[in-house]
Amino acid sequence: MAQVFTASADTRLRALILAAFLVFMFILLGAYAMEGAGFKVGWALDQPVPFSHQHHVGGLGLDCRYCHTSVEVSSRAGLPPTHICMSCHSQIWTNADALAPVRNSLANGQPIPWQRVSRLPDYVYFNHSAHVAKGVPCVTCHGRVDEMPLLAAAHPFQMGWCLDCHRNPTPQLRPPEEVTRMDWTGWKPSPSSVGEVDKLKHDVKSRHPQTLTECHTCHR
């Protein structure tokens, strides 16, 4: 009977199995990295305190900068320190069970272990203050947090999504004093508004004509 398989068939089969295993592991590690980078759009993470942006921002009208104090001057927006929470909750809801972690944090001098919702991989550089100063609003990246009972990622923060804006940032721009407004409806048609749009566009494009889409802008 003629030999069906060559002498090297076993070697090729093993190589094929190894290649399939490596591809599977590559996909698995990629999925894990995406999960860690914050690509779970719409998923609310378990937090030590069930903080509602819908209530505090949408209902009470708190400005983003009241809690995220460094967003205009730092590359990071910053998680709110406990004393900011207690500036209100030392007077109201003082014994609420849900706020026990806040009171314990103040008493122990340990920060509240918030889970970061909007995450980027370690190899991505993002500067909050640069975007805020150029008129990019919070809602562009974080969505309508004033409508979220529990905070969830609004966008995947994948490179293609970021590049879409970097290639054409003008539609997202607004006056810097309006960047924290959730319900901003756009420029009112007037000669002055046209001038403001042109100025913002000029500031973004003319100062950084070649860098908005260059690799080193975000990967340093």
# chains A, B, ... in the order shown; residues from 1 in each chain; ligands from 1
>>> select_by_dssp(residues="chain A", states="helix (DSSP H, G or I)", output="ChimeraX atom specification")
/A:9-36,53-59,64-67,82-89,97-108,128-133,138-142,145-147,159-167,170-172,176-178,191-207,215-218
>>> residues_around(residues="segment 148-151 of chain A", least_positions_apart="5", cutoff="9 Å", atoms="only C-alpha atoms", output="short mmCIF file (atom, residue, chain, number, x, y, z; two decimals) with N, CA and C atoms, in the first residue's frame")
data_model
loop_
_atom_site.label_atom_id
_atom_site.label_comp_id
_atom_site.auth_asym_id
_atom_site.auth_seq_id
_atom_site.Cartn_x
_atom_site.Cartn_y
_atom_site.Cartn_z
N GLY A 42 -20.16 51.53 27.70
CA GLY A 42 -21.48 51.34 28.28
C GLY A 42 -21.53 50.49 29.53
N TRP A 43 -20.39 49.97 29.97
CA TRP A 43 -20.35 49.13 31.17
C TRP A 43 -19.99 49.98 32.38
N ALA A 44 -20.85 49.97 33.39
CA ALA A 44 -20.57 50.69 34.63
C ALA A 44 -19.78 49.78 35.57
N LEU A 45 -18.63 50.24 36.01
CA LEU A 45 -17.79 49.46 36.92
C LEU A 45 -18.31 49.56 38.35
N PRO A 50 -21.52 54.59 45.08
CA PRO A 50 -22.33 54.70 43.86
C PRO A 50 -22.59 56.15 43.48
N PHE A 51 -21.54 56.82 43.04
CA PHE A 51 -21.65 58.24 42.70
C PHE A 51 -22.44 58.42 41.41
N SER A 52 -23.43 59.31 41.45
CA SER A 52 -24.28 59.55 40.28
C SER A 52 -23.95 60.90 39.66
N HIS A 53 -23.35 60.88 38.47
CA HIS A 53 -23.16 62.13 37.74
C HIS A 53 -24.50 62.71 37.31
N GLN A 54 -25.46 61.85 37.06
CA GLN A 54 -26.79 62.34 36.68
C GLN A 54 -27.36 63.24 37.77
N HIS A 55 -27.19 62.84 39.02
CA HIS A 55 -27.70 63.63 40.14
C HIS A 55 -26.85 64.88 40.38
N GLY A 58 -26.27 66.67 36.35
CA GLY A 58 -27.54 66.98 35.71
C GLY A 58 -28.55 67.61 36.65
N VAL A 117 -12.67 54.72 34.91
CA VAL A 117 -13.58 54.29 33.84
C VAL A 117 -12.97 54.57 32.47
#
>>> residues_around(residues="His83 of chain A", least_positions_apart="5", cutoff="12 Å", atoms="only C-alpha atoms", output="list in words")
Tyr66, Cys67, Cys88, His89, Ser90, Val102, Arg103, Asn104, Ser105, Leu106, Ala107, Gly109, Gln110, Pro111 and Ile112 of chain A
>>> atom_distance(atom1="atom CA of Cys138 of chain A", atom2="atom CA of Cys64 of chain A")
8.4 Å
>>> closest_residue(among="A:Arg65, A:Arg181, A:Arg12, A:Arg76", to="Phe126 of chain A", atoms="only C-alpha atoms")
A:Arg76
>>> residues_around(residues="Arg174 of chain A", least_positions_apart="2", cutoff="7 Å", atoms="only C-alpha atoms", output="CSV table (one decimal) with N, CA and C atoms, in the first residue's frame")
chain,number,residue,atom,x,y,z
A,135,GLY,N,-10.5,74.2,23.4
A,135,GLY,CA,-11.9,74.2,23.2
A,135,GLY,C,-12.6,72.8,22.9
A,136,VAL,N,-11.9,71.7,23.3
A,136,VAL,CA,-12.5,70.4,23.1
A,136,VAL,C,-13.3,70.1,24.4
A,172,GLN,N,-15.8,69.7,16.7
A,172,GLN,CA,-15.9,69.4,18.1
A,172,GLN,C,-15.6,70.7,19.0
A,176,PRO,N,-13.7,78.0,25.0
A,176,PRO,CA,-13.1,77.3,26.1
A,176,PRO,C,-14.0,77.5,27.4
A,178,GLU,N,-17.0,77.2,27.6
A,178,GLU,CA,-18.2,76.3,27.5
A,178,GLU,C,-17.8,74.8,27.5
A,179,VAL,N,-16.6,74.5,27.7
A,179,VAL,CA,-16.1,73.1,27.5
A,179,VAL,C,-16.8,72.1,28.5
>>> decode(residues="segment 44-139 of chain A", atoms="C-alpha atoms", output="short mmCIF file (atom, residue, chain, number, x, y, z; two decimals), in the first residue's frame")
data_model
loop_
_atom_site.label_atom_id
_atom_site.label_comp_id
_atom_site.auth_asym_id
_atom_site.auth_seq_id
_atom_site.Cartn_x
_atom_site.Cartn_y
_atom_site.Cartn_z
CA ALA A 44 -20.57 50.69 34.63
CA LEU A 45 -17.79 49.46 36.92
CA ASP A 46 -18.35 48.59 40.56
CA GLN A 47 -17.27 51.60 42.58
CA PRO A 48 -16.73 51.96 46.34
CA VAL A 49 -19.40 54.68 46.33
CA PRO A 50 -22.33 54.70 43.86
CA PHE A 51 -21.65 58.24 42.70
CA SER A 52 -24.28 59.55 40.28
CA HIS A 53 -23.16 62.13 37.74
CA GLN A 54 -26.79 62.34 36.68
CA HIS A 55 -27.70 63.63 40.14
CA HIS A 56 -24.68 65.82 40.83
CA VAL A 57 -24.12 67.25 37.33
CA GLY A 58 -27.54 66.98 35.71
CA GLY A 59 -29.63 67.58 38.83
CA LEU A 60 -27.53 69.86 41.03
CA GLY A 61 -25.60 71.53 38.22
CA LEU A 62 -22.08 70.91 39.54
CA ASP A 63 -19.36 71.92 37.11
CA CYS A 64 -16.88 69.19 36.14
CA ARG A 65 -14.04 71.30 37.54
CA TYR A 66 -15.51 71.33 41.03
CA CYS A 67 -14.44 67.71 41.51
CA HIS A 68 -11.85 67.30 38.74
CA THR A 69 -9.78 70.24 39.88
CA SER A 70 -6.68 69.74 37.74
CA VAL A 71 -8.28 69.32 34.34
CA GLU A 72 -7.30 72.80 33.14
CA VAL A 73 -3.70 72.72 34.34
CA SER A 74 -2.59 69.10 34.23
CA SER A 75 -2.34 66.25 31.77
CA ARG A 76 -4.71 64.31 34.06
CA ALA A 77 -8.22 65.31 35.04
CA GLY A 78 -7.60 63.89 38.50
CA LEU A 79 -9.87 61.81 40.68
CA PRO A 80 -11.65 63.92 43.30
CA PRO A 81 -9.98 64.00 46.72
CA THR A 82 -12.13 63.07 49.69
CA HIS A 83 -12.27 66.56 51.17
CA ILE A 84 -14.17 67.75 48.09
CA CYS A 85 -16.87 65.16 48.70
CA MET A 86 -17.00 66.12 52.37
CA SER A 87 -17.35 69.81 51.60
CA CYS A 88 -21.00 68.94 51.00
CA HIS A 89 -21.46 65.65 52.79
CA SER A 90 -20.25 66.93 56.13
CA GLN A 91 -23.56 68.79 56.10
CA ILE A 92 -25.97 66.58 54.16
CA TRP A 93 -26.48 62.81 54.12
CA THR A 94 -23.96 62.70 56.95
CA ASN A 95 -24.91 59.20 58.14
CA ALA A 96 -25.86 57.57 54.83
CA ASP A 97 -24.57 54.01 54.61
CA ALA A 98 -23.57 54.50 50.96
CA LEU A 99 -21.18 57.27 52.02
CA ALA A 100 -19.40 55.24 54.70
CA PRO A 101 -16.33 54.74 52.43
CA VAL A 102 -16.08 58.53 52.08
CA ARG A 103 -16.17 59.11 55.83
CA ASN A 104 -13.68 56.30 56.41
CA SER A 105 -11.37 57.75 53.78
CA LEU A 106 -11.36 61.12 55.52
CA ALA A 107 -10.81 59.56 58.94
CA ASN A 108 -8.00 57.28 57.78
CA GLY A 109 -6.31 59.69 55.41
CA GLN A 110 -6.51 57.12 52.61
CA PRO A 111 -7.90 58.02 49.16
CA ILE A 112 -11.12 56.44 48.00
CA PRO A 113 -10.17 53.53 45.69
CA TRP A 114 -12.16 54.70 42.67
CA GLN A 115 -12.05 52.47 39.59
CA ARG A 116 -10.92 54.45 36.56
CA VAL A 117 -13.58 54.29 33.84
CA SER A 118 -11.86 56.14 31.00
CA ARG A 119 -8.55 54.39 30.52
CA LEU A 120 -5.83 54.55 27.91
CA PRO A 121 -2.97 52.10 27.36
CA ASP A 122 0.35 53.00 28.97
CA TYR A 123 1.87 53.71 25.56
CA VAL A 124 -0.62 56.51 24.83
CA TYR A 125 0.01 60.08 26.00
CA PHE A 126 -3.04 62.29 26.51
CA ASN A 127 -3.05 65.80 27.96
CA HIS A 128 -6.37 67.02 29.36
CA SER A 129 -5.28 70.62 29.78
CA ALA A 130 -4.16 70.90 26.14
CA HIS A 131 -7.53 69.72 24.87
CA VAL A 132 -9.55 71.88 27.27
CA ALA A 133 -7.51 74.98 26.39
CA LYS A 134 -8.16 74.39 22.68
CA GLY A 135 -11.94 74.18 23.22
CA VAL A 136 -12.48 70.41 23.12
CA PRO A 137 -15.42 69.77 25.47
CA CYS A 138 -15.66 67.05 28.11
CA VAL A 139 -18.69 65.55 26.36
#
